[in-house]
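Everything below concerns the one structure shown next.
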Amino acid sequence: MTELTRAQNLLATTILADGHNDLPWALRDKAGPNPVEAVAGVDLTVAQPTLHTDFPKLAEGKLGLQFWSVYVPCEFKGDSAVTAVLEQIEVVYQLAERYPERLRLVTTADEAEAAFADGRIASLLGAEGGHSIAESLGVLRILRRLGVRYMTLTHNFNTTWADSGTDKPEHDGLTEFGREVVREMNRIGMLVDLSHVAPSTMRAAIEVSSAPVIFSHSSCRAVNDHPRNIPDDVLAQLPGNGGVAMITFVPAFISAAVTEWDNQLRDAMTAAGQEFLDLGQRGRFAETWDAPPKPKATIEDVVAHIEHAREIAGIDHIGLGGDYDGVGELPVGLEDVSTYPALIAALMERGWSDEDCAKLAGRNTLRVLRDVDAKL
């Protein structure tokens with residue numbers, strides 16, 4: 001039996017959970033902000049070459065549980081951010097209604113396992129960017145009532161209450177209101193997501209949180225020194241906290257060569273008076289930028305981050321968060337959601353047991369969901 005066959009067999013009976021997929025925003029990009037039109041505009045039952053995610057690819061990839069990102073760009077502020085996050089939540093509801101034989105909205109680990117047993121992809125919601133609550137604990141509670149299971153405290157820019165990893169520090173991590181947000185998330189059973197935030201924010205949130213935290217899509221700073229990655233001292237706190245670091249596949253985060261290319265792009269944009277952290281500006285600028293070809297990350301880069309996270313945090317505190325449809329391209333060997341078995345097979349080739357691969361694939365993520373709910 002080849003390792004790929006072994007990986008496919010494992011994922012036929014073990015839930016593969018992914019912490020972050022931006023398909024809802026990709027659909028909005030194609031068809032506009034009306035959730036009905038966004039979902040109706042693309043037939044996901046057939047291959048979609050311009051998307052990383054469709055149902056043929058998902059079936060090949062053996063995905064069992066997906067946190068769909070209800071992402072809101074940082075240029076949305078105040079009421080417009082709240083409106084946008086509600087629209088994106090409705091996109092996921094529309095997806096589940098249009099494809100009931102393939103997706104099932106769930107909010108708990110038990111519901112996820114039942115959906116998997118019924119041949120459905122267990123679908124949960126994750127809000128990316130604390131600006132989407134517009135400084136309102138009331139909005140935070142509403143998002144939880146609508147089924148949102150995690151919130152990323154920041155995106156690329158600071159909020160008024162938390163520092164982002166890619167912005168200039170303002171708050172030494174969290175303000176007192178930021179700490180109140182974390183405590184309220186604990187109280188209502190919303191996972192605290194520390195991807196995108198500054199190391200000071202990571203440390204402050206872990207200190208405040210009485211429940212396990214997650215990193216929905218981050219990798220390891222010791223392997224590649226990128227501000228979106230997790231420092232070793234924070235990884236080392238996960239066993240005590242009970243949380244999980246979901247290793248991401250984003251080339252700029254995992255590959256030093258791609259990070260250097262991105263740094264050159266940032267410098268060129270700064271010289272041209274443009275904002276690198278604005279993803280829309282970045283994409284438009286890169287299309288016309290006269291630069292050397294962008295290097296390619298590989299599946300081996302992702303393996304290196306996974307193995308480092310295992311060494312520091314331990315096998316019980318790692319998972320996967322690909323960020324499919326949230327970036328323009330993915331590593332060679334992990335080009336779309338069909339490729340998860342290839343990653344598991346690569347780890348098996350390095351001596352990983354089926355039990356350890358099952359923990360990485362989804363058991364750790366399900367355990368965190370249960371642990372957070374147990375504290376309610």
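All residue names refer to the structure tokens as shown: chains lettered A, B, ... in order, residues numbered from 1 in each chain, ligands numbered from 1 in order.
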Practice task
Going by DSSP on the backbone, which bits of stretch 222-302 of chain A are helix (DSSP H, G or I)? Write them as a VMD selection string, please.
Solution key: chain A and resid 232 to 235 238 to 241 251 to 254 256 to 271 279 to 288 299 to 302
At most 12 Å is the cut-off: for each residue in stretch 18-88 of chain A with any atom that close to an atom of stretch 315-319 of chain A, write down the nearest atom pair and the distance in Å rounded to one decimal, counting only C-alpha atoms, chain first then increasing number, as a tab-separated table.
```
residue	atom	partner	partner_atom	distance
A:Asp18	CA	A:Gly319	CA	7.7
A:Gly19	CA	A:Gly319	CA	7.9
A:His20	CA	A:Gly319	CA	11.1
```
Using N, CA, C and O atoms, can you write the selected residues to a file as a short mmCIF file (atom, residue, chain, number, x, y, z; two decimals), in the first residue's frame?
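Result file is result.cif:
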```
data_model
loop_
_atom_site.label_atom_id
_atom_site.label_comp_id
_atom_site.auth_asym_id
_atom_site.auth_seq_id
_atom_site.Cartn_x
_atom_site.Cartn_y
_atom_site.Cartn_z
N ASP A 18 -10.37 21.74 8.41
CA ASP A 18 -9.57 22.87 7.97
C ASP A 18 -10.07 24.14 8.66
O ASP A 18 -11.27 24.41 8.70
N GLY A 19 -9.13 24.92 9.19
CA GLY A 19 -9.50 26.07 10.00
C GLY A 19 -9.88 27.32 9.26
O GLY A 19 -10.45 28.25 9.86
N HIS A 20 -9.61 27.37 7.93
CA HIS A 20 -9.84 28.66 7.27
C HIS A 20 -9.91 28.50 5.76
O HIS A 20 -8.93 28.11 5.11
#
```
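In terms of minimum interatomic distance to A:Gly243, A:Asp193 ranks closest within A:Asp193, A:Asp54, A:Asp110, A:Asp290, counting only C-alpha atoms.
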Practice task
In Å, rounded to a single decimal, give me how far atom CA of A:Val197 is from atom CA of A:Glu135.
Solution key: 16.8 Å
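The smallest atom-to-atom distance between A:Ala361 and any of A:Asn224, A:Ile15, A:Ile121, A:Glu207, using only C-alpha atoms, is found for A:Ile15.
Residue nearest A:Ala17, chosen from A:Asp43, A:Glu113, A:Asp325, A:Glu101 and counting only C-alpha atoms: A:Glu113.
Summary of the local environment: counting only C-alpha atoms, residues at most 7 Å from A:Ile299, other than itself and those fewer than 3 positions away along its chain, are Val302, Val303, Pro331, Val332, Gly333, Leu334 and Leu343 of chain A.
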Exercise for the section: Extract, using only C-alpha atoms, all DNA, RNA and protein residues at most 8 Å from A:His226, discarding same-chain residues fewer than 4 positions from it, and format them as number ranges by chain. Expected result: A: 221, 252-253, 259
Let me see the file: selected residues, all heavy atoms, as a PDB file, in the first residue's frame.
```
ATOM      1  N   ARG A 221       7.229  30.924  13.202  1.00  0.00           N
ATOM      2  CA  ARG A 221       8.172  32.021  12.987  1.00  0.00           C
ATOM      3  C   ARG A 221       9.622  31.544  13.003  1.00  0.00           C
ATOM      4  O   ARG A 221      10.477  32.125  12.327  1.00  0.00           O
ATOM      5  CB  ARG A 221       7.960  33.101  14.038  1.00  0.00           C
ATOM      6  CG  ARG A 221       8.591  34.430  13.671  1.00  0.00           C
ATOM      7  CD  ARG A 221       7.768  35.587  14.153  1.00  0.00           C
ATOM      8  NE  ARG A 221       8.262  36.847  13.634  1.00  0.00           N
ATOM      9  CZ  ARG A 221       7.679  38.025  13.897  1.00  0.00           C
ATOM     10  NH1 ARG A 221       6.597  38.067  14.642  1.00  0.00           N
ATOM     11  NH2 ARG A 221       8.182  39.132  13.402  1.00  0.00           N
ATOM     12  N   ALA A 252       3.749  33.041   1.221  1.00  0.00           N
ATOM     13  CA  ALA A 252       4.522  34.125   1.831  1.00  0.00           C
ATOM     14  C   ALA A 252       4.825  33.866   3.294  1.00  0.00           C
ATOM     15  O   ALA A 252       5.778  34.420   3.842  1.00  0.00           O
ATOM     16  CB  ALA A 252       3.780  35.447   1.685  1.00  0.00           C
ATOM     17  N   PHE A 253       4.031  33.028   3.951  1.00  0.00           N
ATOM     18  CA  PHE A 253       4.256  32.742   5.365  1.00  0.00           C
ATOM     19  C   PHE A 253       5.215  31.569   5.564  1.00  0.00           C
ATOM     20  O   PHE A 253       5.921  31.509   6.563  1.00  0.00           O
ATOM     21  CB  PHE A 253       2.937  32.420   6.078  1.00  0.00           C
ATOM     22  CG  PHE A 253       1.870  33.464   5.964  1.00  0.00           C
ATOM     23  CD1 PHE A 253       0.563  33.168   6.306  1.00  0.00           C
ATOM     24  CD2 PHE A 253       2.140  34.741   5.496  1.00  0.00           C
ATOM     25  CE1 PHE A 253      -0.436  34.113   6.203  1.00  0.00           C
ATOM     26  CE2 PHE A 253       1.148  35.705   5.377  1.00  0.00           C
ATOM     27  CZ  PHE A 253      -0.152  35.383   5.728  1.00  0.00           C
ATOM     28  N   THR A 259       8.739  35.158   1.033  1.00  0.00           N
ATOM     29  CA  THR A 259       8.689  36.289   1.961  1.00  0.00           C
ATOM     30  C   THR A 259       9.581  37.422   1.470  1.00  0.00           C
ATOM     31  O   THR A 259       9.187  38.599   1.498  1.00  0.00           O
ATOM     32  CB  THR A 259       9.129  35.850   3.375  1.00  0.00           C
ATOM     33  OG1 THR A 259       8.206  34.882   3.870  1.00  0.00           O
ATOM     34  CG2 THR A 259       9.171  37.034   4.328  1.00  0.00           C
TER      35      THR A 259
END
```
Handout entry: Distance query A:Ser195 at most 8 Å, only C-alpha atoms, self and fewer than 2 positions along chain excluded, as a PyMOL selection string
Key = chain A and resi 152-153+193+197+214-218+228-229
Expected file contents, prior selection, all heavy atoms, as a tab-separated table (two decimals), in the first residue's frame:
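Here's the written file result-v3.tsv:
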```tsv
chain	number	residue	atom	x	y	z
A	152	THR	N	-11.27	36.01	14.65
A	152	THR	CA	-9.87	36.44	14.60
A	152	THR	C	-9.83	37.87	15.14
A	152	THR	O	-10.53	38.74	14.63
A	152	THR	CB	-9.36	36.40	13.15
A	152	THR	OG1	-9.90	35.26	12.47
A	152	THR	CG2	-7.85	36.38	13.10
A	153	LEU	N	-9.04	38.11	16.16
A	153	LEU	CA	-9.11	39.39	16.86
A	153	LEU	C	-8.78	40.59	15.98
A	153	LEU	O	-9.34	41.67	16.16
A	153	LEU	CB	-8.22	39.37	18.10
A	153	LEU	CG	-8.54	38.31	19.15
A	153	LEU	CD1	-7.69	38.52	20.39
A	153	LEU	CD2	-10.03	38.27	19.51
A	193	ASP	N	-9.40	33.38	18.12
A	193	ASP	CA	-8.47	33.06	17.03
A	193	ASP	C	-7.36	34.09	17.02
A	193	ASP	O	-7.60	35.29	16.86
A	193	ASP	CB	-9.22	33.04	15.70
A	193	ASP	CG	-8.29	32.76	14.52
A	193	ASP	OD1	-7.18	32.23	14.74
A	193	ASP	OD2	-8.69	33.06	13.37
A	197	VAL	N	-2.69	38.31	14.66
A	197	VAL	CA	-2.40	39.28	15.71
A	197	VAL	C	-0.91	39.32	16.03
A	197	VAL	O	-0.15	38.42	15.69
A	197	VAL	CB	-3.21	38.98	16.99
A	197	VAL	CG1	-4.69	38.85	16.68
A	197	VAL	CG2	-2.71	37.74	17.72
A	214	ILE	N	-7.19	29.24	19.44
A	214	ILE	CA	-6.76	28.64	18.20
A	214	ILE	C	-5.97	29.64	17.38
A	214	ILE	O	-6.06	30.86	17.59
A	214	ILE	CB	-7.93	28.10	17.34
A	214	ILE	CG1	-8.82	29.26	16.85
A	214	ILE	CG2	-8.73	27.06	18.09
A	214	ILE	CD1	-9.77	28.88	15.74
A	215	PHE	N	-5.17	29.13	16.47
A	215	PHE	CA	-4.63	29.89	15.35
A	215	PHE	C	-5.24	29.24	14.11
A	215	PHE	O	-4.89	28.11	13.76
A	215	PHE	CB	-3.11	29.80	15.30
A	215	PHE	CG	-2.41	30.49	16.44
A	215	PHE	CD1	-2.26	29.85	17.66
A	215	PHE	CD2	-1.91	31.78	16.29
A	215	PHE	CE1	-1.62	30.48	18.72
A	215	PHE	CE2	-1.27	32.41	17.34
A	215	PHE	CZ	-1.13	31.77	18.56
A	216	SER	N	-6.18	29.91	13.45
A	216	SER	CA	-6.93	29.27	12.37
A	216	SER	C	-6.10	29.08	11.11
A	216	SER	O	-6.40	28.19	10.31
A	216	SER	CB	-8.19	30.06	12.04
A	216	SER	OG	-7.86	31.33	11.48
A	217	HIS	N	-5.08	29.91	10.90
A	217	HIS	CA	-4.23	29.77	9.71
A	217	HIS	C	-2.93	30.54	9.91
A	217	HIS	O	-2.77	31.65	9.45
A	217	HIS	CB	-4.96	30.20	8.44
A	217	HIS	CG	-5.47	31.61	8.39
A	217	HIS	ND1	-6.25	32.17	9.38
A	217	HIS	CD2	-5.31	32.60	7.45
A	217	HIS	CE1	-6.55	33.41	9.06
A	217	HIS	NE2	-5.99	33.70	7.90
A	218	SER	N	-1.98	29.92	10.60
A	218	SER	CA	-0.67	30.51	10.86
A	218	SER	C	0.38	29.41	10.83
A	218	SER	O	0.06	28.23	11.00
A	218	SER	CB	-0.63	31.19	12.22
A	218	SER	OG	-1.49	32.31	12.29
A	228	ARG	N	3.26	37.05	10.37
A	228	ARG	CA	2.01	36.31	10.50
A	228	ARG	C	2.20	34.94	11.17
A	228	ARG	O	1.24	34.20	11.36
A	228	ARG	CB	1.37	36.13	9.11
A	228	ARG	CG	0.49	37.28	8.69
A	228	ARG	CD	-0.84	37.26	9.43
A	228	ARG	NE	-1.74	36.27	8.82
A	228	ARG	CZ	-2.02	35.09	9.32
A	228	ARG	NH1	-1.48	34.71	10.47
A	228	ARG	NH2	-2.84	34.26	8.70
A	229	ASN	N	3.43	34.61	11.48
A	229	ASN	CA	3.70	33.30	12.07
A	229	ASN	C	3.81	33.36	13.59
A	229	ASN	O	3.89	34.44	14.18
A	229	ASN	CB	4.97	32.71	11.44
A	229	ASN	CG	4.73	32.27	10.01
A	229	ASN	OD1	3.60	31.98	9.61
A	229	ASN	ND2	5.80	32.21	9.22
```
Practice task
Find the spatial neighbours of stretch 370-374 of chain A, counting only C-alpha atoms, within a cut-off of 7 Å - ignore same-chain residues fewer than 3 positions away - and output them as a list of chain:residue names.
Solution key: A:Ala109, A:Gly189, A:Ala211, A:Pro212, A:Leu366, A:Arg367
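Put simply, atom CA of A:Asp356 is 19.6 Å away from atom CA of A:Gly240.
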Handout entry: Residues near A:Thr107, cut-off 9 Å, only C-alpha atoms, skip fewer than 4 positions along chain, as a PyMOL selection string
Key = chain A and resi 111-112+122-125+147-149+369
Could you pull out the strand (DSSP E or B) residues of stretch 66-221 of chain A, going by DSSP on the backbone, and write them as a short mmCIF file (atom, residue, chain, number, x, y, z; two decimals) with N, CA, C and O atoms, in the first residue's frame?
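Just written: selection.cif:
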```
data_model
loop_
_atom_site.label_atom_id
_atom_site.label_comp_id
_atom_site.auth_asym_id
_atom_site.auth_seq_id
_atom_site.Cartn_x
_atom_site.Cartn_y
_atom_site.Cartn_z
N GLN A 66 -15.14 22.09 7.66
CA GLN A 66 -14.55 23.35 7.20
C GLN A 66 -15.07 24.51 8.03
O GLN A 66 -16.28 24.68 8.20
N PHE A 67 -14.14 25.31 8.56
CA PHE A 67 -14.49 26.62 9.06
C PHE A 67 -14.48 27.57 7.86
O PHE A 67 -13.40 27.88 7.32
N TRP A 68 -15.66 27.99 7.42
CA TRP A 68 -15.74 28.95 6.32
C TRP A 68 -15.52 30.35 6.88
O TRP A 68 -16.21 30.77 7.81
N SER A 69 -14.58 31.07 6.31
CA SER A 69 -14.28 32.42 6.80
C SER A 69 -15.34 33.39 6.33
O SER A 69 -15.64 33.49 5.14
N LEU A 103 -23.22 19.87 2.07
CA LEU A 103 -22.84 20.68 3.23
C LEU A 103 -23.92 20.61 4.30
O LEU A 103 -25.11 20.52 3.99
N ARG A 104 -23.48 20.69 5.55
CA ARG A 104 -24.43 20.83 6.66
C ARG A 104 -23.87 21.83 7.67
O ARG A 104 -22.73 21.65 8.15
N LEU A 105 -24.64 22.87 7.96
CA LEU A 105 -24.23 23.82 8.99
C LEU A 105 -24.29 23.15 10.35
O LEU A 105 -25.30 22.54 10.71
N ILE A 121 -20.10 17.60 4.48
CA ILE A 121 -19.01 18.40 5.03
C ILE A 121 -19.59 19.26 6.15
O ILE A 121 -20.47 20.09 5.91
N ALA A 122 -19.12 19.03 7.37
CA ALA A 122 -19.56 19.84 8.50
C ALA A 122 -19.05 21.26 8.32
O ALA A 122 -17.85 21.49 8.16
N SER A 123 -19.98 22.21 8.33
CA SER A 123 -19.65 23.59 7.98
C SER A 123 -19.86 24.51 9.18
O SER A 123 -20.97 24.61 9.71
N LEU A 124 -18.77 25.15 9.60
CA LEU A 124 -18.80 26.10 10.70
C LEU A 124 -18.38 27.46 10.18
O LEU A 124 -17.79 27.57 9.09
N LEU A 125 -18.64 28.49 10.96
CA LEU A 125 -18.34 29.86 10.57
C LEU A 125 -17.21 30.42 11.43
O LEU A 125 -17.18 30.20 12.64
N GLY A 126 -16.32 31.17 10.78
CA GLY A 126 -15.26 31.88 11.50
C GLY A 126 -15.19 33.31 11.01
O GLY A 126 -15.03 33.56 9.81
N ALA A 127 -15.32 34.27 11.91
CA ALA A 127 -15.26 35.69 11.54
C ALA A 127 -13.81 36.15 11.56
O ALA A 127 -13.13 36.01 12.59
N GLU A 128 -13.33 36.68 10.45
CA GLU A 128 -11.93 37.09 10.34
C GLU A 128 -11.83 38.60 10.45
O GLU A 128 -12.13 39.33 9.51
N VAL A 148 -21.45 31.68 14.51
CA VAL A 148 -20.02 31.95 14.34
C VAL A 148 -19.27 31.33 15.53
O VAL A 148 -19.53 31.67 16.68
N ARG A 149 -18.31 30.43 15.24
CA ARG A 149 -17.61 29.72 16.30
C ARG A 149 -16.26 30.30 16.65
O ARG A 149 -15.72 29.99 17.70
N TYR A 150 -15.66 31.09 15.76
CA TYR A 150 -14.43 31.79 16.18
C TYR A 150 -14.41 33.19 15.61
O TYR A 150 -15.10 33.49 14.62
N MET A 151 -13.63 34.05 16.24
CA MET A 151 -13.35 35.36 15.68
C MET A 151 -11.85 35.62 15.77
O MET A 151 -11.24 35.44 16.84
N THR A 152 -11.27 36.01 14.65
CA THR A 152 -9.87 36.44 14.60
C THR A 152 -9.83 37.87 15.14
O THR A 152 -10.53 38.74 14.63
N ALA A 162 -6.90 45.90 19.80
CA ALA A 162 -5.94 44.80 19.67
C ALA A 162 -4.93 45.11 18.59
O ALA A 162 -5.27 45.69 17.54
N SER A 164 -2.41 44.16 15.58
CA SER A 164 -2.20 43.19 14.50
C SER A 164 -0.71 42.91 14.35
O SER A 164 0.14 43.76 14.65
N LEU A 174 -3.35 43.97 23.96
CA LEU A 174 -4.78 44.20 24.13
C LEU A 174 -5.03 45.37 25.08
O LEU A 174 -4.34 45.51 26.10
N LEU A 191 -14.52 30.65 19.98
CA LEU A 191 -13.08 30.42 20.03
C LEU A 191 -12.33 31.70 19.73
O LEU A 191 -12.67 32.45 18.80
N VAL A 192 -11.29 31.97 20.52
CA VAL A 192 -10.42 33.12 20.32
C VAL A 192 -9.36 32.73 19.30
O VAL A 192 -8.52 31.87 19.55
N ASP A 193 -9.40 33.38 18.12
CA ASP A 193 -8.47 33.06 17.03
C ASP A 193 -7.36 34.09 17.02
O ASP A 193 -7.60 35.29 16.86
N VAL A 197 -2.69 38.31 14.66
CA VAL A 197 -2.40 39.28 15.71
C VAL A 197 -0.91 39.32 16.03
O VAL A 197 -0.15 38.42 15.69
N VAL A 213 -7.38 28.50 22.99
CA VAL A 213 -7.36 29.41 21.85
C VAL A 213 -7.00 28.61 20.60
O VAL A 213 -6.57 27.46 20.67
N ILE A 214 -7.19 29.24 19.44
CA ILE A 214 -6.76 28.64 18.20
C ILE A 214 -5.97 29.64 17.38
O ILE A 214 -6.06 30.86 17.59
N PHE A 215 -5.17 29.13 16.47
CA PHE A 215 -4.63 29.89 15.35
C PHE A 215 -5.24 29.24 14.11
O PHE A 215 -4.89 28.11 13.76
N SER A 216 -6.18 29.91 13.45
CA SER A 216 -6.93 29.27 12.37
C SER A 216 -6.10 29.08 11.11
O SER A 216 -6.40 28.19 10.31
N HIS A 217 -5.08 29.91 10.90
CA HIS A 217 -4.23 29.77 9.71
C HIS A 217 -2.93 30.54 9.91
O HIS A 217 -2.77 31.65 9.45
N SER A 218 -1.98 29.92 10.60
CA SER A 218 -0.67 30.51 10.86
C SER A 218 0.38 29.41 10.83
O SER A 218 0.06 28.23 11.00
N CYS A 220 5.02 28.82 11.53
CA CYS A 220 6.01 28.94 12.61
C CYS A 220 7.07 29.98 12.29
O CYS A 220 7.77 29.89 11.28
#
```
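Distance annotation: of A:Val42, A:Ile89, A:Val234, A:Leu376, the residue with the minimal separation from A:Ser210 is A:Leu376; atom set is only C-alpha atoms.
One distance worth recording is that between atom CA of A:Ala297 and atom CA of A:Glu329, which is 9.5 Å.
If only C-alpha atoms are the atoms counted, then among A:Val39, A:Ala115, A:Ala245, A:Cys74 the closest residue to A:Val91 is A:Val39.
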Practice task
Give the answer as one residue: which of A:His196, A:Arg187, A:Arg203, A:His305 has the shortest atom-to-atom distance to A:Ser219, using only C-alpha atoms?
Solution key: A:His305
